[in-house]
Amino acid sequence: MGWALLGAGLLLALYTLLRHGLRRSPPLRDRPELRGRTAIVTGGSSGIGAATALELARCGARVVLATRNAPRGEAAARRIRTETGNAEVVFMQLDLASLRSVRAFATAFLRQEPHLHLLINNAGVSAGGTTEDGFSLPFQDYCDSKLANVLHARELATRLQGTQVTCYAVHPGFVNTELFRHTPLWLKPLFLPLAWLFFLDAAEGAQTSLHCATQEGLERFSGRYFADCRLQEPWPPARDDRLARALWEASERLVGLGEAGENPSPAPAAVGQ
Ligand SMILES: NC(=O)c1ccc[n+]([C@@H]2O[C@H](COP(=O)([O-])OP(=O)(O)OC[C@H]3O[C@@H](n4cnc5c(N)ncnc54)[C@H](OP(=O)(O)O)[C@@H]3O)[C@@H](O)[C@H]2O)c1
């Protein structure tokens with residue numbers, strides 16, 4: 001009996017230590033006033049995006065949930081309207097795996113919305129396969145896409161200098177969301193309990209995006225990388241300005257934009273994760 005109690009006590013102590021070390025909740029923030037502001041949250045139907053949209057709606061913003069699945073997007077918008085009492089939460093269809101859909105979304109948004117103050121580039125997937133434009137989705141490409149996010153913010157900030165438009169790359173932390181729904185079956189018994197015990201919840205995972213999108217005084221850090229609501233130095237390839245420029249130029253070619261193509265003006269503040 002004594003040994004069993006000692007074992008249980010040690011396990012509890014180990015769990016507390018690990019949880020404290022791995023699952024550091026971001027600091028609480030004062031709620032900013034966002035009435036009269038319009039925000040787009042891509043992938044706002046679940047996880048970190050839904051939590052980000054909920055908090056922006058609580059602050060009074062008009063929030064556009066830009067997501068691919070209409071029933072899930074409509075349901076999330078309804079839920080947020082009910083929970084916050086903010087009627088200005090709407091769903092608009094956007095499938096980021098289709099450039100045709102991206103262009104249709106941009107056209108519809110520009111037609112119906114007079115302003116855009118915040119763009120939260122949140123949507124992401126870790127699944128496999130290819131998009132309709134032939135871009136690959138395997139796991140290694142997911143990791144590469146996160147490096148591309150950081151480089152993109154860096155180059156975008158350079159191009160936005162002097163415009164008062166700022167952008168940031170964020171890491172939300174390890175967050176227990178539907179992102180891991182495609183985890184192989186054999187790995188789930190190990191992975192899911194770990195995620196449940198040690199990962200942040202979606203509201204905690206939204207804090208760094210919200211910090212960058214709404215905190216005043218960060219403007220001089222435009223293009224930089226944030227985690228845990230703090231400025232961080234990413235690893236060297238993510239600080240390579242030549243690589244960032246090459247990525248931008250390759251992206252322009254791949255999506256058919258650039259000097260000769262159409263080039264929609266960017267949003268006042270963009271956050272990518
Ligand atoms: N969870 C983590 O530990 C973690 C860590 C680092 C970075 N992140 C990043 O955080 C972001 C949010 O992820 P999450 O953890 O909240 O995952 P999630 O719960 O799976 O949410 C992802 C959202 O993106 C949407 N989405 C996926 N593909 C889309 C597409 N082609 N077009 C439009 N929307 C699409 C999903 O819509 P559906 O409802 O239609 O599926 C969903 O609303 C992602 O970029 C992810 O890579 C997460």
# chains A, B, ... in the order shown; residues from 1 in each chain; ligands from 1
>>> residues_near_ligand(ligand="ligand 1", cutoff="9 Å", atoms="only C-alpha atoms and all ligand atoms", output="number ranges by chain")
A: 42-51, 65-70, 72-73, 93-98, 101-102, 121-126, 131, 142-143, 145-146, 170-181, 195, 199-202, 205-206, 272-273
>>> closest_residue(among="A:Asp240, A:Asp30, A:Glu88, A:Glu155", to="Ala57 in chain A", atoms="only C-alpha atoms")
A:Glu88
>>> closest_residue(among="A:Cys59, A:Ala246, A:Ala13, A:Ala53", to="Arg35 in chain A", atoms="only C-alpha atoms")
A:Cys59
>>> select_by_dssp(residues="range 32-244 of chain A", states="strand (DSSP E)", output="PyMOL selection string")
chain A and resi 38-42+62-67+89-93+118-121+166-171+225-227+230-232
>>> select_by_dssp(residues="range 90-244 of chain A", states="helix (DSSP H, G or I)", output="PyMOL selection string")
chain A and resi 99-112+139-159+178-182+185-198+202-205+207-214+219-221+236-239+241-244
>>> atom_distance(atom1="CA of Leu116 in chain A", atom2="CA of Thr166 in chain A")
13.0 Å
>>> residues_around(residues="Ala39 in chain A", least_positions_apart="3", cutoff="8 Å", atoms="only C-alpha atoms", output="PDB file with N, CA and C atoms, in the first residue's frame")
ATOM      1  N   LEU A  56     -11.946  37.900 -30.947  1.00  0.00           N
ATOM      2  CA  LEU A  56     -12.089  39.139 -31.720  1.00  0.00           C
ATOM      3  C   LEU A  56     -13.541  39.622 -31.685  1.00  0.00           C
ATOM      4  N   ALA A  61     -15.269  43.253 -32.828  1.00  0.00           N
ATOM      5  CA  ALA A  61     -14.909  43.335 -34.252  1.00  0.00           C
ATOM      6  C   ALA A  61     -15.971  42.676 -35.128  1.00  0.00           C
ATOM      7  N   ARG A  62     -16.039  43.112 -36.373  1.00  0.00           N
ATOM      8  CA  ARG A  62     -16.773  42.346 -37.386  1.00  0.00           C
ATOM      9  C   ARG A  62     -15.823  41.236 -37.831  1.00  0.00           C
ATOM     10  N   VAL A  63     -16.260  39.984 -37.768  1.00  0.00           N
ATOM     11  CA  VAL A  63     -15.352  38.869 -38.039  1.00  0.00           C
ATOM     12  C   VAL A  63     -15.873  38.033 -39.204  1.00  0.00           C
ATOM     13  N   VAL A  64     -15.033  37.850 -40.204  1.00  0.00           N
ATOM     14  CA  VAL A  64     -15.375  36.981 -41.334  1.00  0.00           C
ATOM     15  C   VAL A  64     -14.645  35.659 -41.144  1.00  0.00           C
ATOM     16  N   LEU A 116     -10.718  46.256 -44.461  1.00  0.00           N
ATOM     17  CA  LEU A 116     -10.124  45.094 -43.793  1.00  0.00           C
ATOM     18  C   LEU A 116      -9.012  45.622 -42.885  1.00  0.00           C
ATOM     19  N   HIS A 117      -9.155  45.353 -41.588  1.00  0.00           N
ATOM     20  CA  HIS A 117      -8.148  45.850 -40.635  1.00  0.00           C
ATOM     21  C   HIS A 117      -7.212  44.753 -40.166  1.00  0.00           C
ATOM     22  N   LEU A 118      -7.720  43.522 -40.065  1.00  0.00           N
ATOM     23  CA  LEU A 118      -6.900  42.419 -39.532  1.00  0.00           C
ATOM     24  C   LEU A 118      -7.076  41.186 -40.404  1.00  0.00           C
ATOM     25  N   LEU A 119      -5.974  40.595 -40.807  1.00  0.00           N
ATOM     26  CA  LEU A 119      -6.033  39.331 -41.557  1.00  0.00           C
ATOM     27  C   LEU A 119      -5.262  38.285 -40.771  1.00  0.00           C
ATOM     28  N   ILE A 120      -5.970  37.280 -40.298  1.00  0.00           N
ATOM     29  CA  ILE A 120      -5.321  36.213 -39.533  1.00  0.00           C
ATOM     30  C   ILE A 120      -5.219  34.996 -40.452  1.00  0.00           C
TER      31      ILE A 120
END
>>> atom_distance(atom1="CA of Asn86 in chain A", atom2="CA of Gly60 in chain A")
6.7 Å
>>> closest_residue(among="A:Glu204, A:Glu233, A:Glu249, A:Glu74", to="Thr52 in chain A", atoms="only C-alpha atoms")
A:Glu204
>>> closest_residue(among="A:Thr84, A:Thr38, A:Ser222, A:Thr214", to="Gln164 in chain A", atoms="only C-alpha atoms")
A:Ser222
